[in-house]
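The structure file final.tsv is reproduced below (TSV, C-alpha atoms and all ligand atoms).
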chain	number	residue	atom	x	y	z
A	1	MET	CA	-49.82	29.79	-30.05
A	2	LEU	CA	-46.55	27.86	-30.05
A	3	PRO	CA	-44.78	27.44	-26.68
A	4	VAL	CA	-42.20	30.21	-26.25
A	5	THR	CA	-39.32	27.75	-26.05
A	6	VAL	CA	-40.07	26.37	-29.53
A	7	THR	CA	-40.44	29.89	-30.93
A	8	ASP	CA	-37.03	30.78	-29.48
A	9	SER	CA	-35.25	27.68	-30.82
A	10	ALA	CA	-32.12	28.13	-32.93
A	11	PHE	CA	-33.92	26.53	-35.86
A	12	LEU	CA	-36.87	28.94	-35.93
A	13	LYS	CA	-34.58	31.91	-35.26
A	14	ALA	CA	-32.43	30.96	-38.27
A	15	CYS	CA	-35.59	30.59	-40.40
A	16	ARG	CA	-36.54	34.14	-39.33
A	17	ARG	CA	-32.97	35.38	-40.02
A	18	GLU	CA	-32.42	36.33	-36.36
A	19	PRO	CA	-29.10	35.82	-34.50
A	20	VAL	CA	-28.63	32.22	-33.28
A	21	PRO	CA	-26.62	30.59	-30.45
A	22	HIS	CA	-25.34	28.03	-32.99
A	23	THR	CA	-26.18	27.05	-36.56
A	24	PRO	CA	-29.16	24.67	-36.34
A	25	VAL	CA	-28.95	21.30	-38.10
A	26	TRP	CA	-31.48	18.72	-39.32
A	27	PHE	CA	-31.36	16.25	-42.19
A	28	MET	CA	-33.89	15.57	-44.90
A	29	ARG	CA	-34.86	11.88	-44.56
A	30	GLN	CA	-33.33	11.76	-41.07
A	31	ALA	CA	-36.22	9.51	-40.01
A	32	GLY	CA	-35.89	6.28	-41.89
A	33	ARG	CA	-33.78	3.56	-43.32
A	34	SER	CA	-30.34	4.67	-42.15
A	35	LEU	CA	-31.39	3.87	-38.55
A	36	PRO	CA	-31.41	0.28	-37.20
A	37	GLU	CA	-34.08	1.25	-34.64
A	38	TYR	CA	-36.26	2.36	-37.59
A	39	ARG	CA	-35.82	-0.92	-39.45
A	40	LYS	CA	-36.71	-2.75	-36.24
A	41	VAL	CA	-40.04	-0.97	-35.60
A	42	ARG	CA	-40.97	-1.18	-39.30
A	43	GLU	CA	-40.45	-4.96	-39.52
A	44	GLY	CA	-43.44	-6.56	-41.28
A	45	ILE	CA	-45.31	-3.24	-41.61
A	46	ALA	CA	-45.80	-1.71	-45.05
A	47	MET	CA	-44.53	1.87	-45.51
A	48	LEU	CA	-47.96	3.48	-46.03
A	49	ASP	CA	-49.50	1.47	-43.16
A	50	SER	CA	-46.78	2.80	-40.86
A	51	CYS	CA	-47.62	6.38	-41.91
A	52	MET	CA	-51.23	5.81	-40.78
A	53	ARG	CA	-50.35	4.69	-37.25
A	54	PRO	CA	-49.87	7.71	-34.94
A	55	ASP	CA	-47.90	5.61	-32.39
A	56	LEU	CA	-45.38	4.51	-35.04
A	57	VAL	CA	-45.21	7.95	-36.67
A	58	THR	CA	-44.40	9.43	-33.27
A	59	GLU	CA	-41.72	6.87	-32.42
A	60	ILE	CA	-40.01	7.06	-35.85
A	61	THR	CA	-40.08	10.88	-35.88
A	62	LEU	CA	-38.41	10.97	-32.44
A	63	GLN	CA	-35.68	8.41	-33.22
A	64	PRO	CA	-33.26	10.77	-35.04
A	65	VAL	CA	-33.85	13.54	-32.49
A	66	ARG	CA	-32.81	11.23	-29.66
A	67	ARG	CA	-29.88	9.73	-31.52
A	68	HIS	CA	-28.36	12.71	-33.39
A	69	ARG	CA	-29.50	15.68	-31.26
A	70	VAL	CA	-30.69	17.49	-34.37
A	71	ASP	CA	-32.33	20.90	-33.91
A	72	ALA	CA	-35.64	19.94	-35.53
A	73	ALA	CA	-37.82	16.87	-36.07
A	74	ILE	CA	-39.51	16.15	-39.39
A	75	LEU	CA	-42.81	14.33	-39.34
A	76	PHE	CA	-42.46	10.72	-40.50
A	77	SER	CA	-44.78	10.45	-43.50
A	78	ASP	CA	-44.50	10.48	-47.28
A	79	ILE	CA	-45.41	12.89	-50.05
A	80	VAL	CA	-48.07	10.47	-51.39
A	81	VAL	CA	-49.93	10.18	-48.04
A	82	PRO	CA	-52.53	12.92	-48.84
A	83	LEU	CA	-53.21	11.30	-52.23
A	84	LYS	CA	-53.77	7.92	-50.57
A	85	ALA	CA	-56.00	9.73	-48.04
A	86	ILE	CA	-58.39	10.96	-50.75
A	87	GLY	CA	-58.61	7.49	-52.25
A	88	VAL	CA	-56.02	7.43	-55.05
A	89	ASP	CA	-55.07	3.78	-55.64
A	90	LEU	CA	-51.31	3.81	-55.01
A	91	ASP	CA	-48.63	2.03	-53.02
A	92	ILE	CA	-44.98	2.55	-52.05
A	93	LYS	CA	-42.93	-0.37	-53.39
A	94	PRO	CA	-39.69	-1.04	-51.49
A	95	GLY	CA	-36.65	-0.12	-53.57
A	96	VAL	CA	-38.89	1.52	-56.20
A	97	GLY	CA	-40.99	4.28	-54.64
A	98	PRO	CA	-44.60	5.39	-55.17
A	99	VAL	CA	-46.52	3.40	-57.83
A	100	VAL	CA	-49.97	4.55	-59.05
A	101	ALA	CA	-52.56	2.02	-60.30
A	102	ARG	CA	-54.35	4.35	-62.78
A	103	PRO	CA	-51.95	7.02	-64.07
A	104	ILE	CA	-53.51	10.39	-64.89
A	105	ARG	CA	-53.32	10.93	-68.65
A	106	GLU	CA	-56.66	12.50	-69.63
A	107	ARG	CA	-59.41	14.68	-68.21
A	108	ALA	CA	-61.56	11.79	-66.94
A	109	ASP	CA	-58.61	10.59	-64.84
A	110	LEU	CA	-58.79	13.81	-62.77
A	111	ASP	CA	-61.87	12.36	-61.03
A	112	GLN	CA	-59.39	10.53	-58.78
A	113	LEU	CA	-58.47	13.89	-57.21
A	114	ARG	CA	-61.16	15.23	-54.88
A	115	PRO	CA	-60.43	18.00	-52.32
A	116	LEU	CA	-58.79	16.91	-49.05
A	117	GLU	CA	-60.65	17.44	-45.75
A	118	PRO	CA	-58.76	17.53	-42.43
A	119	ASP	CA	-60.64	14.37	-41.33
A	120	ASP	CA	-59.02	12.46	-44.20
A	121	VAL	CA	-55.65	12.78	-42.45
A	122	SER	CA	-56.71	12.50	-38.80
A	123	TYR	CA	-53.89	9.97	-38.18
A	124	VAL	CA	-51.40	12.67	-39.22
A	125	THR	CA	-52.88	15.41	-37.07
A	126	GLU	CA	-53.18	12.99	-34.14
A	127	ALA	CA	-49.49	12.11	-34.49
A	128	ILE	CA	-48.59	15.83	-34.54
A	129	GLY	CA	-50.46	16.29	-31.26
A	130	LEU	CA	-48.56	13.39	-29.66
A	131	LEU	CA	-45.26	14.70	-31.04
A	132	THR	CA	-45.54	18.31	-29.93
A	133	ALA	CA	-46.23	17.00	-26.40
A	134	GLU	CA	-43.09	14.80	-26.52
A	135	LEU	CA	-40.73	17.17	-28.32
A	136	GLY	CA	-40.60	19.94	-25.72
A	137	ASP	CA	-38.62	22.83	-27.18
A	138	THR	CA	-37.61	20.97	-30.38
A	139	PRO	CA	-39.58	22.29	-33.38
A	140	LEU	CA	-41.56	19.89	-35.58
A	141	ILE	CA	-41.41	20.33	-39.37
A	142	GLY	CA	-44.49	19.35	-41.35
A	143	PHE	CA	-44.22	18.76	-45.09
A	144	ALA	CA	-45.92	17.98	-48.35
A	145	GLY	CA	-44.97	17.18	-51.93
A	146	ALA	CA	-45.31	20.10	-54.33
A	147	PRO	CA	-47.79	19.97	-57.22
A	148	PHE	CA	-45.14	19.28	-59.91
A	149	THR	CA	-43.46	16.41	-58.05
A	150	LEU	CA	-46.83	14.84	-57.13
A	151	ALA	CA	-48.00	15.26	-60.75
A	152	SER	CA	-44.90	13.50	-62.00
A	153	TYR	CA	-45.74	10.38	-59.94
A	154	LEU	CA	-49.44	10.54	-60.89
A	155	VAL	CA	-48.88	11.05	-64.62
A	156	GLU	CA	-45.93	8.66	-65.06
A	157	GLY	CA	-47.52	6.06	-62.75
A	158	GLY	CA	-44.27	5.77	-60.77
A	159	PRO	CA	-40.74	7.13	-60.47
A	160	SER	CA	-39.30	8.47	-63.72
A	161	ARG	CA	-35.93	9.66	-64.96
A	162	ASN	CA	-37.07	11.85	-67.86
A	163	HIS	CA	-40.68	12.70	-66.90
A	164	GLU	CA	-41.74	12.22	-70.53
A	165	HIS	CA	-45.49	11.69	-69.96
A	166	THR	CA	-45.53	14.56	-67.47
A	167	LYS	CA	-43.86	16.94	-69.90
A	168	ALA	CA	-46.01	15.67	-72.78
A	169	MET	CA	-49.07	16.82	-70.81
A	170	MET	CA	-47.46	20.08	-69.67
A	171	TYR	CA	-46.52	21.07	-73.23
A	172	GLY	CA	-49.24	19.27	-75.22
A	173	ALA	CA	-52.34	19.71	-73.04
A	174	PRO	CA	-51.68	22.90	-71.06
A	175	GLU	CA	-55.29	23.32	-69.90
A	176	LEU	CA	-55.47	19.79	-68.52
A	177	TRP	CA	-52.04	20.30	-66.92
A	178	ALA	CA	-53.15	23.56	-65.27
A	179	GLU	CA	-56.29	21.86	-63.92
A	180	LEU	CA	-54.22	18.94	-62.57
A	181	LEU	CA	-51.73	21.24	-60.84
A	182	ASP	CA	-54.47	23.44	-59.45
A	183	ARG	CA	-56.25	20.44	-57.90
A	184	LEU	CA	-52.96	19.22	-56.44
A	185	ALA	CA	-52.29	22.71	-55.06
A	186	GLY	CA	-55.66	22.60	-53.30
A	187	ILE	CA	-54.93	19.17	-51.81
A	188	THR	CA	-51.38	20.12	-50.76
A	189	GLY	CA	-52.49	23.46	-49.30
A	190	ALA	CA	-55.24	21.76	-47.28
A	191	PHE	CA	-52.78	19.09	-46.08
A	192	LEU	CA	-50.25	21.70	-44.92
A	193	SER	CA	-52.99	23.81	-43.26
A	194	ALA	CA	-54.17	20.76	-41.33
A	195	GLN	CA	-50.60	20.20	-40.12
A	196	VAL	CA	-50.24	23.84	-39.06
A	197	ASP	CA	-53.60	23.69	-37.22
A	198	ALA	CA	-52.36	20.56	-35.43
A	199	GLY	CA	-49.18	22.30	-34.24
A	200	VAL	CA	-46.20	21.97	-36.61
A	201	SER	CA	-43.91	24.99	-36.31
A	202	THR	CA	-42.53	24.95	-39.90
A	203	VAL	CA	-43.59	23.51	-43.22
A	204	GLN	CA	-41.38	22.29	-46.06
A	205	LEU	CA	-42.66	21.89	-49.60
A	206	PHE	CA	-40.66	19.19	-51.41
A	207	ASP	CA	-40.54	19.81	-55.16
A	208	SER	CA	-37.85	17.18	-55.50
A	209	TRP	CA	-38.00	16.67	-59.27
A	210	VAL	CA	-38.79	20.20	-60.52
A	211	GLY	CA	-35.12	20.75	-61.43
A	212	ALA	CA	-36.06	18.90	-64.64
A	213	LEU	CA	-37.64	22.15	-65.90
A	214	ALA	CA	-36.23	25.30	-67.49
A	215	PRO	CA	-37.05	28.56	-65.63
A	216	VAL	CA	-39.39	29.79	-68.38
A	217	ASP	CA	-41.49	26.61	-68.12
A	218	TYR	CA	-41.41	26.67	-64.31
A	219	ARG	CA	-42.74	30.21	-64.34
A	220	ALA	CA	-45.54	29.47	-66.81
A	221	SER	CA	-46.58	25.98	-65.74
A	222	VAL	CA	-45.63	25.39	-62.08
A	223	LEU	CA	-45.15	28.70	-60.23
A	224	PRO	CA	-48.90	29.53	-60.06
A	225	ALA	CA	-49.71	26.22	-58.34
A	226	SER	CA	-46.79	26.31	-55.88
A	227	THR	CA	-47.62	29.95	-55.06
A	228	LYS	CA	-51.19	28.88	-54.30
A	229	VAL	CA	-49.86	26.28	-51.85
A	230	PHE	CA	-47.63	28.79	-50.03
A	231	ASP	CA	-50.45	31.36	-49.92
A	232	THR	CA	-52.61	28.82	-48.05
A	233	VAL	CA	-50.19	28.82	-45.10
A	234	ALA	CA	-49.04	32.47	-45.29
A	235	GLY	CA	-49.42	34.72	-42.24
A	236	ARG	CA	-49.62	31.83	-39.76
A	237	GLY	CA	-46.27	32.60	-38.08
A	238	VAL	CA	-44.90	29.36	-39.50
A	239	PRO	CA	-41.80	29.61	-41.74
A	240	ARG	CA	-42.21	28.06	-45.18
A	241	ILE	CA	-39.28	26.12	-46.69
A	242	HIS	CA	-39.12	25.33	-50.42
A	243	PHE	CA	-36.75	22.65	-51.70
A	244	GLY	CA	-35.93	20.89	-54.96
A	245	VAL	CA	-32.96	19.00	-56.41
A	246	GLY	CA	-30.95	20.43	-59.33
A	247	THR	CA	-32.68	23.79	-58.97
A	248	GLY	CA	-29.66	26.13	-59.33
A	249	GLU	CA	-31.36	27.98	-62.18
A	250	LEU	CA	-34.74	28.01	-60.39
A	251	LEU	CA	-33.65	29.39	-57.00
A	252	PRO	CA	-35.12	32.91	-57.46
A	253	LEU	CA	-38.41	31.37	-58.61
A	254	LEU	CA	-38.55	28.99	-55.63
A	255	ALA	CA	-38.27	32.10	-53.43
A	256	GLU	CA	-40.85	33.99	-55.50
A	257	ALA	CA	-43.39	31.20	-54.91
A	258	GLY	CA	-43.55	32.35	-51.28
A	259	ALA	CA	-40.70	30.67	-49.42
A	260	ASP	CA	-39.18	32.17	-46.28
A	261	VAL	CA	-36.34	29.63	-46.48
A	262	VAL	CA	-34.96	28.24	-49.74
A	263	GLY	CA	-33.41	24.76	-49.70
A	264	VAL	CA	-30.31	24.42	-51.89
A	265	ASP	CA	-28.77	21.17	-53.15
A	266	TRP	CA	-24.98	20.69	-53.14
A	267	ARG	CA	-24.39	21.96	-56.67
A	268	VAL	CA	-24.49	25.70	-55.86
A	269	PRO	CA	-22.42	27.22	-53.00
A	270	LEU	CA	-24.64	29.01	-50.47
A	271	ASP	CA	-23.08	32.46	-51.01
A	272	GLU	CA	-23.79	32.14	-54.73
A	273	ALA	CA	-27.31	30.83	-53.99
A	274	ALA	CA	-27.92	33.90	-51.78
A	275	ARG	CA	-26.72	36.17	-54.58
A	276	ARG	CA	-29.18	34.54	-57.00
A	277	ILE	CA	-32.11	34.69	-54.57
A	278	GLY	CA	-31.55	38.20	-53.21
A	279	PRO	CA	-32.18	39.47	-49.66
A	280	GLY	CA	-35.04	38.57	-47.35
A	281	ARG	CA	-34.80	34.75	-47.32
A	282	ALA	CA	-32.90	32.28	-45.18
A	283	LEU	CA	-31.09	29.36	-46.81
A	284	GLN	CA	-31.05	25.67	-45.96
A	285	GLY	CA	-28.36	23.20	-47.01
A	286	ASN	CA	-26.19	22.01	-48.56
A	287	LEU	CA	-23.66	19.23	-47.89
A	288	ASP	CA	-23.56	16.49	-50.55
A	289	PRO	CA	-25.16	13.45	-48.81
A	290	ALA	CA	-22.51	11.20	-50.40
A	291	VAL	CA	-19.75	13.05	-48.47
A	292	LEU	CA	-20.92	11.11	-45.38
A	293	PHE	CA	-19.28	7.99	-46.85
A	294	ALA	CA	-15.83	9.63	-46.45
A	295	PRO	CA	-13.81	9.62	-43.18
A	296	HIS	CA	-14.94	12.06	-40.45
A	297	ASP	CA	-12.12	14.59	-40.99
A	298	VAL	CA	-13.19	14.91	-44.63
A	299	VAL	CA	-16.86	15.25	-43.62
A	300	ALA	CA	-15.87	17.97	-41.13
A	301	ALA	CA	-13.80	19.84	-43.73
A	302	GLN	CA	-16.63	19.69	-46.28
A	303	ALA	CA	-19.11	20.85	-43.62
A	304	ASP	CA	-16.77	23.77	-42.85
A	305	ARG	CA	-16.81	24.71	-46.51
A	306	VAL	CA	-20.63	24.92	-46.33
A	307	LEU	CA	-20.46	26.94	-43.09
A	308	ASP	CA	-17.85	29.31	-44.54
A	309	ALA	CA	-20.01	29.96	-47.62
A	310	ALA	CA	-22.94	30.72	-45.29
A	311	ALA	CA	-20.94	32.81	-42.81
A	312	GLY	CA	-22.08	36.20	-44.12
A	313	LEU	CA	-25.74	35.24	-44.52
A	314	PRO	CA	-28.41	36.34	-42.04
A	315	GLY	CA	-30.14	32.95	-41.82
A	316	HIS	CA	-28.65	29.48	-42.34
A	317	VAL	CA	-30.09	26.08	-41.46
A	318	PHE	CA	-27.46	23.38	-41.96
A	319	ASN	CA	-28.76	20.35	-43.89
A	320	LEU	CA	-27.72	17.98	-46.63
A	321	GLY	CA	-28.30	18.93	-50.26
A	322	HIS	CA	-30.81	16.04	-50.50
A	323	GLY	CA	-32.02	13.22	-48.27
A	324	VAL	CA	-29.85	10.93	-46.13
A	325	LEU	CA	-28.84	7.94	-48.31
A	326	PRO	CA	-30.18	4.66	-46.87
A	327	THR	CA	-26.73	3.06	-46.31
A	328	THR	CA	-25.27	6.07	-44.46
A	329	ASP	CA	-23.54	5.20	-41.15
A	330	PRO	CA	-25.78	6.82	-38.49
A	331	ASP	CA	-22.69	7.63	-36.37
A	332	ALA	CA	-21.37	9.81	-39.20
A	333	LEU	CA	-24.56	11.89	-38.93
A	334	THR	CA	-24.30	12.17	-35.14
A	335	ARG	CA	-20.69	13.35	-35.40
A	336	LEU	CA	-21.62	15.85	-38.10
A	337	VAL	CA	-24.31	17.42	-35.90
A	338	ALA	CA	-21.83	17.77	-33.02
A	339	HIS	CA	-19.24	19.26	-35.37
A	340	VAL	CA	-21.59	21.93	-36.74
A	341	HIS	CA	-22.75	22.83	-33.22
A	342	GLU	CA	-19.19	23.13	-31.86
A	343	ARG	CA	-17.82	24.96	-34.85
A	344	THR	CA	-20.62	27.58	-34.83
A	345	ALA	CA	-21.16	28.05	-31.06
A	346	ARG	CA	-21.36	31.80	-30.37
A	401	LIG	O1	-37.06	11.83	-42.34
A	401	LIG	C1	-37.79	12.40	-43.17
A	401	LIG	O2	-37.34	13.21	-43.98
A	401	LIG	C2	-39.29	12.16	-43.09
A	401	LIG	C3	-39.76	11.11	-43.90
A	401	LIG	C4	-39.95	11.20	-45.41
A	401	LIG	C5	-40.18	10.04	-46.18
A	401	LIG	N1	-40.47	10.43	-47.45
A	401	LIG	C6	-40.16	8.67	-45.65
A	401	LIG	C7	-39.93	7.56	-46.58
A	401	LIG	C8	-40.03	12.30	-46.26
A	401	LIG	C9	-39.82	13.78	-45.97
A	401	LIG	C10	-40.37	11.79	-47.56
A	401	LIG	C11	-40.61	12.65	-48.72
A	401	LIG	C12	-40.55	12.06	-50.06
A	401	LIG	N2	-41.08	10.87	-50.51
A	401	LIG	C13	-40.01	12.73	-51.17
A	401	LIG	C14	-39.40	14.11	-51.12
A	401	LIG	C15	-38.04	14.07	-50.51
A	401	LIG	C16	-36.96	13.65	-51.48
A	401	LIG	O3	-36.26	12.69	-51.14
A	401	LIG	O4	-36.80	14.30	-52.49
A	401	LIG	C17	-40.16	11.89	-52.29
A	401	LIG	C18	-39.71	12.19	-53.71
A	401	LIG	C19	-40.85	10.73	-51.87
A	401	LIG	C20	-41.30	9.55	-52.67
A	401	LIG	C21	-40.68	8.32	-52.16
A	401	LIG	N3	-41.14	7.63	-51.06
A	401	LIG	C22	-39.46	7.69	-52.59
A	401	LIG	C23	-38.63	8.13	-53.76
A	401	LIG	C24	-39.24	6.60	-51.73
A	401	LIG	C25	-38.05	5.65	-51.71
A	401	LIG	C26	-38.36	4.36	-52.38
A	401	LIG	C27	-37.29	3.32	-52.08
A	401	LIG	O5	-37.61	2.36	-51.35
A	401	LIG	O6	-36.16	3.48	-52.55
A	401	LIG	C28	-40.29	6.59	-50.79
A	401	LIG	C29	-40.45	5.65	-49.66
A	401	LIG	C30	-40.05	6.20	-48.35
A	401	LIG	N4	-40.47	7.39	-47.84
A	401	LIG	C31	-39.20	5.57	-47.40
A	401	LIG	C32	-39.14	6.40	-46.29
A	401	LIG	C33	-38.43	6.16	-44.99
A	401	LIG	C34	-38.53	4.22	-47.60
A	401	LIG	C35	-39.51	3.11	-47.41
A	401	LIG	C36	-39.13	2.17	-46.31
A	401	LIG	O7	-38.42	2.52	-45.36
A	401	LIG	O8	-39.62	1.02	-46.43

I need this file expressed as structure tokens, please.
Amino acid sequence: MLPVTVTDSAFLKACRREPVPHTPVWFMRQAGRSLPEYRKVREGIAMLDSCMRPDLVTEITLQPVRRHRVDAAILFSDIVVPLKAIGVDLDIKPGVGPVVARPIRERADLDQLRPLEPDDVSYVTEAIGLLTAELGDTPLIGFAGAPFTLASYLVEGGPSRNHEHTKAMMYGAPELWAELLDRLAGITGAFLSAQVDAGVSTVQLFDSWVGALAPVDYRASVLPASTKVFDTVAGRGVPRIHFGVGTGELLPLLAEAGADVVGVDWRVPLDEAARRIGPGRALQGNLDPAVLFAPHDVVAAQADRVLDAAAGLPGHVFNLGHGVLPTTDPDALTRLVAHVHERTAR
């Protein structure tokens, strides 16, 4: 059971489409490189090593909550952490992203993907325990990478603009593709379940790169796996958020996969997104992260445009349309949080 104060937070109320005292705000990638206190504690420690140290995970997760007064914390981790935890040989290269030693191209390569046991990620569940004790009534969001986005790193071997090897497998070897996505769905579902057992009050599935697909291909080749992930954490009283970039045409399918809250990037206004998705879901988003490089009055006006588009919707969590850009001025984020809170106070 979650403490009553967390359950009654503005963030969880908005996720459940209940009336809120103010529109809740958090930022994807709020914990990380935009904060000097983050760069300080990370000095000389590799990204993945920092994700495996519960003390550091706790400190870095709390930093943006202290500084910006956001309505939710997101666990400091990375989408490749569960893959590393089952023994996949990979690293996160600064300025590049996840790089995989042996890309998955044929059936034999699937041997790298065994099921994930909760013990494999004990440093994550330990950090969640420390965090829920520290956070008081601020909810903690757990997360994982969705099967398609994880597959794109595993098949390409690293970040990719066009996902050509990934799509070659999806179209050319559909049985191998289905097996790959099904294994990843098992790993992701187990990783999210472990986080829910440890005490997170929400989970977000990041399918960052799935906007590269047409709806017909999403339905045939990705929806079954992402649905399997959401089913794993259904009925636990924990809202499920589903997010991807460039997914204007996929929004109804992201909801269909089992989301309670659909994350929207900045390309589709929230009222139009709600029309595409239909009733019964809350929305999260969707200020263009690059707007934060403009003066505060412009940021405030653009934030108001987001709030106005969301005004008639039953559930809105204010966020950016994608992650905080590393060179963002942290003070711009703090002022934005205060603006949204003041403007929506009821
Ligand atoms: O504050 C938060 O949102 C929590 C932390 C978080 C990180 N990664 C920390 C991180 C979260 C939620 C992620 C998810 C993630 N990781 C996604 C999905 C979100 C999205 O942006 O779409 C993806 C695609 C990844 C893969 C990944 N990991 C990339 C593309 C990079 C950036 C590489 C670079 O250096 O440009 C990473 C590394 C990473 N993950 C960093 C952080 C803070 C930067 C590494 C560092 O600080 O040294």

I need the residue nearest ligand LIG 401 (chain A) from this list: A:Gly44, A:Gly211, A:Pro94, A:Pro19. Use all atoms listed in the file for the distance. A:Pro94

Leaving out A:Asp111 and any residue of its chain fewer than 6 positions from it, which residues lie within 12 Å of it when counting all atoms listed in the file, given as a PyMOL selection string? chain A and resi 86-88+102-105+179-180+183

Of the candidates A:Ser221, A:Thr344, A:Thr5, A:Ser34, which shows the shortest atom-to-atom distance to A:Val20, using all atoms listed in the file?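 The answer is A:Thr344, which sits nearest to A:Val20.
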
Show me which residues are within 7 Å of ligand LIG 401 (chain A) counting all atoms listed in the file, and format the list as a compact mmCIF listing (two decimals) with C-alpha atoms, keeping the file's coordinate frame.
# COMPACT_ATOMS: atom_id res chain seq x y z
CA PHE A 27 -31.36 16.25 -42.19
CA MET A 28 -33.89 15.57 -44.90
CA ARG A 29 -34.86 11.88 -44.56
CA GLN A 30 -33.33 11.76 -41.07
CA ALA A 31 -36.22 9.51 -40.01
CA GLY A 32 -35.89 6.28 -41.89
CA ARG A 33 -33.78 3.56 -43.32
CA ALA A 46 -45.80 -1.71 -45.05
CA MET A 47 -44.53 1.87 -45.51
CA ILE A 74 -39.51 16.15 -39.39
CA LEU A 75 -42.81 14.33 -39.34
CA PHE A 76 -42.46 10.72 -40.50
CA SER A 77 -44.78 10.45 -43.50
CA ASP A 78 -44.50 10.48 -47.28
CA ILE A 79 -45.41 12.89 -50.05
CA VAL A 80 -48.07 10.47 -51.39
CA ILE A 92 -44.98 2.55 -52.05
CA LYS A 93 -42.93 -0.37 -53.39
CA PRO A 94 -39.69 -1.04 -51.49
CA GLY A 95 -36.65 -0.12 -53.57
CA VAL A 96 -38.89 1.52 -56.20
CA GLY A 97 -40.99 4.28 -54.64
CA PRO A 98 -44.60 5.39 -55.17
CA PHE A 143 -44.22 18.76 -45.09
CA GLY A 145 -44.97 17.18 -51.93
CA PHE A 206 -40.66 19.19 -51.41
CA SER A 208 -37.85 17.18 -55.50
CA HIS A 322 -30.81 16.04 -50.50
CA GLY A 323 -32.02 13.22 -48.27

If we count only C-alpha atoms and set the cut-off at 12 Å, which residues sit around stretch 116-128 of chain A, ignoring sequence neighbours fewer than 5 positions away in its own chain? Please answer as an MDAnalysis selection string. chainID A and resid 48:62 73:78 80:88 133:135 139:144 183:201

Residues near A:Glu249, cut-off 10 Å, only C-alpha atoms, skip fewer than 2 positions along chain, as a ChimeraX atom specification: /A:211,213-215,246-247,251-254,268,273,276

Between atom CA of A:Ile241 and atom CA of A:Ala259, what is the spacing in Å? 5.5 Å

What does the distance from atom CA of A:Thr132 to atom CA of A:Ala72 come to in Å, to one decimal?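 One can read the atom CA of A:Thr132 to atom CA of A:Ala72 distance as 11.5 Å.
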
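Taking all atoms listed in the file into account, A:Ala338 lies nearest to A:Ala303 out of the set A:Leu12, A:Val264, A:Ala212, A:Ala303.
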
To one decimal place, how far is atom CA of A:Thr202 from atom CA of A:Val238 in Å? 5.0 Å

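The nearest approach to A:Gly263 among the residues A:Cys15, A:Gln112, A:Met169, A:Thr328, with all atoms listed in the file taken into account, belongs to A:Cys15.
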
Pick from A:Asp137, A:Asp231, A:Glu106, A:Asp91, whichever lies nearest to A:Glu256 using only C-alpha atoms: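 Once distances to A:Glu256 are computed over only C-alpha atoms, the minimum belongs to A:Asp231.
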
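Distance check against A:Pro269 using only C-alpha atoms: of A:His242, A:Arg305, A:Lys13, A:Arg114, the minimum falls on A:Arg305.
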
Write out as a VMD selection string which residues come within 7 Å of A:Asp260 when counting only C-alpha atoms, dropping same-chain ones fewer than 2 positions away. chain A and resid 239 to 241 258 262 281 to 282

Got a sec: who's within 7 Å of A:Thr166, counting only C-alpha atoms, leaving out chain neighbours fewer than 2 positions off, as a compact mmCIF listing (two decimals) with C-alpha atoms, in the frame of the given file?
# COMPACT_ATOMS: atom_id res chain seq x y z
CA SER A 152 -44.90 13.50 -62.00
CA VAL A 155 -48.88 11.05 -64.62
CA GLU A 156 -45.93 8.66 -65.06
CA HIS A 163 -40.68 12.70 -66.90
CA GLU A 164 -41.74 12.22 -70.53
CA ALA A 168 -46.01 15.67 -72.78
CA MET A 169 -49.07 16.82 -70.81
CA MET A 170 -47.46 20.08 -69.67

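For the point (-16.8, 25.5, -41.0), the residues with an atom at a distance of at most 12 Å are His22, Thr23, Leu287, Asp297, Val298, Val299, Ala300, Ala301, Gln302, Ala303, Asp304, Arg305, Val306, Leu307, Asp308, Ala309, Ala310, Ala311, Phe318, Leu336, His339, Val340, His341, Glu342, Arg343, Thr344 and Ala345 of chain A, counting all atoms listed in the file.
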